[in-house]
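Structure, as structure tokens:
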Amino acid sequence: MSAPVSMALEWVADPDPRWDADRARVFETVPDVVFPGLHRNDGERLAGAWWAVVSDGRPVGYGWLDDVWGDGEILLAVHADVRGTGAGSFALARLESEASTRGLNYVMNVVRESHPDKDSVTAWFTAHGFGPAQDGRLRKRVGGRDIGGLEDGSPAAGPAPLPDGARQARYEAERDRVAGRPTRAVTSEPGTDPRGPGAEESGGYVDPEQHRY
């Protein structure tokens with residue numbers, strides 16, 4: 001089905017994010033290598049903050065954000081039928097706004113080497129003001145200019161600082177989870193932390209690698 005050139009889109013918060021048929025429908029149009037281990041059980045609770053990109057009352061994409069020591073790992077995915085209509089840019093702009101309201105410093109995204117459209121996705125992020133960070137991710141200062149255009153010595157210039165000691169270990173563990181590496185099984189017991197979309201998942205297509213645009 002051909003997508004319209006422009007769409008009326010809504011950004012709808014999901015206060016109790018769980019894996020469902022709408023998410024399965026959208027994410028199944030994303031190559032498996034983008035979100036390894038993404039498959040979930042119906043009703044499974046998802047970590048992080050989620051929003052749906054809705055057109056004509058139906059989700060056509062999703063945005064995800066998780067705080068990582070003052071920064072926001074983001075993921076966005078839109079259904080194949082609406083790629084190229086601006087739905088991805090719509091979701092990205094809303095995620096940046098959500099990060100701003102939380103007082104976060106940067107929004108981060110991972111485009112994996114295995115991504116089938118790595119170059120074009122990276123170029124898309126770059127066109128939206130993202131630049132490379134020291135740890136290999138793409139980042140953009142919340143509310144700021146393209147990282148490549150910041151003056152030397154400004155707070156957002158240079159490599160992103162990483163926490164040390166125990167904080168470094170937690171940071172790396174969270175980054176691995178968001179980047180798509182396996183983590184422990186999800187439980188619904190009090191005090192446990194349910195995983196986000198891909199056990200795994202990340203930042204993306206943009207995927208968080210989808211992050212797909």
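Scheme for the structure tokens: letters A, B, ... for chains in order shown; per-chain residue numbers from 1; ligand numbers from 1 in order shown.
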
**Prompt:** Neighbours of Val107 of chain A within 6 Å (only C-alpha atoms; same-chain residues fewer than 5 positions away dropped), as a PyMOL selection string?
**Reply:** chain A and resi 71-73+139-140

**Request:** Enter the distance from atom CA of Asp16 of chain A to atom CA of Arg45 of chain A, in Å, rounded to one decimal.
**Result:**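 Here the two named atoms are 7.6 Å from each other.
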
**Request:** May I ask for the distance between atom CA of Asn109 of chain A and atom CA of Ala93 of chain A, given in Å to one decimal place?
**Result:** 13.7 Å

**Asked** Leaving out Val142 of chain A and any residue of its chain fewer than 4 positions from it, which residues lie within 12 Å of it when counting only C-alpha atoms, given as a list in words?
**Response** Gly70, Asp71, Gly72, Glu73, Leu92, Ala93, Arg94, Leu95, Glu96, Ser97, Glu98, Ala99, Ser100, Thr101, Arg102, Gly103, Leu104, Asn105, Tyr106, Val107, Met108, His128, Gly129, Phe130, Asp146, Ile147, Pro155 and Ala156 of chain A

**Message:** With only C-alpha atoms as the counted atoms, please give the residues lying no more than 9 Å from Gly88 of chain A, apart from itself and same-chain residues fewer than 4 positions off, as a list in words.
**Reply:**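 Returned residues: Gly61, Leu76, Ala77, Val78, Val82, Arg83, Gly84, Leu92, Ala93, Arg212 and Tyr213 of chain A.
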
**Request:** Could you please write out, as a PyMOL selection string, every residue of segment 99-146 of chain A that DSSP assigns to strand (DSSP E or B)?
**Result:** chain A and resi 106-109+131-132+138-141

Could you write out that same residue set with N, CA and C atoms as a PDB file, in the first residue's frame?
ATOM      1  N   TYR A 106      21.909  15.141  26.372  1.00  0.00           N
ATOM      2  CA  TYR A 106      22.034  14.673  25.002  1.00  0.00           C
ATOM      3  C   TYR A 106      20.980  13.609  24.707  1.00  0.00           C
ATOM      4  N   VAL A 107      20.660  13.445  23.427  1.00  0.00           N
ATOM      5  CA  VAL A 107      19.930  12.262  22.974  1.00  0.00           C
ATOM      6  C   VAL A 107      20.937  11.435  22.182  1.00  0.00           C
ATOM      7  N   MET A 108      20.891  10.125  22.391  1.00  0.00           N
ATOM      8  CA  MET A 108      21.869   9.199  21.816  1.00  0.00           C
ATOM      9  C   MET A 108      21.180   8.140  20.976  1.00  0.00           C
ATOM     10  N   ASN A 109      21.893   7.671  19.958  1.00  0.00           N
ATOM     11  CA  ASN A 109      21.369   6.605  19.116  1.00  0.00           C
ATOM     12  C   ASN A 109      22.507   5.727  18.634  1.00  0.00           C
ATOM     13  N   GLY A 131      25.942  13.955  15.783  1.00  0.00           N
ATOM     14  CA  GLY A 131      27.343  13.768  15.447  1.00  0.00           C
ATOM     15  C   GLY A 131      27.903  12.615  16.248  1.00  0.00           C
ATOM     16  N   PRO A 132      29.093  12.118  15.882  1.00  0.00           N
ATOM     17  CA  PRO A 132      29.678  10.965  16.561  1.00  0.00           C
ATOM     18  C   PRO A 132      30.180  11.303  17.963  1.00  0.00           C
ATOM     19  N   LEU A 138      25.807   7.934  18.098  1.00  0.00           N
ATOM     20  CA  LEU A 138      25.505   9.253  17.555  1.00  0.00           C
ATOM     21  C   LEU A 138      24.793  10.030  18.651  1.00  0.00           C
ATOM     22  N   ARG A 139      25.104  11.289  18.781  1.00  0.00           N
ATOM     23  CA  ARG A 139      24.482  12.072  19.838  1.00  0.00           C
ATOM     24  C   ARG A 139      24.165  13.482  19.353  1.00  0.00           C
ATOM     25  N   LYS A 140      23.235  14.094  20.036  1.00  0.00           N
ATOM     26  CA  LYS A 140      22.866  15.482  19.753  1.00  0.00           C
ATOM     27  C   LYS A 140      22.568  16.158  21.076  1.00  0.00           C
ATOM     28  N   ARG A 141      23.100  17.346  21.242  1.00  0.00           N
ATOM     29  CA  ARG A 141      22.836  18.075  22.462  1.00  0.00           C
ATOM     30  C   ARG A 141      21.387  18.539  22.453  1.00  0.00           C
TER      31      ARG A 141
END

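The shortest atom-to-atom distance to Asp20 of chain A, with only C-alpha atoms taken into account, belongs to A:Gly43 out of A:His115, A:Gly43, A:Gly143, A:Val33.
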
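Pairwise distance (atom CA of Val60 of chain A, atom CA of Arg23 of chain A) equals 8.9 Å.
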
**Residue among A:Leu9, A:Ala24, A:Ile74, A:Val110 lying closest to Ala52 of chain A, counting only C-alpha atoms** = A:Leu9
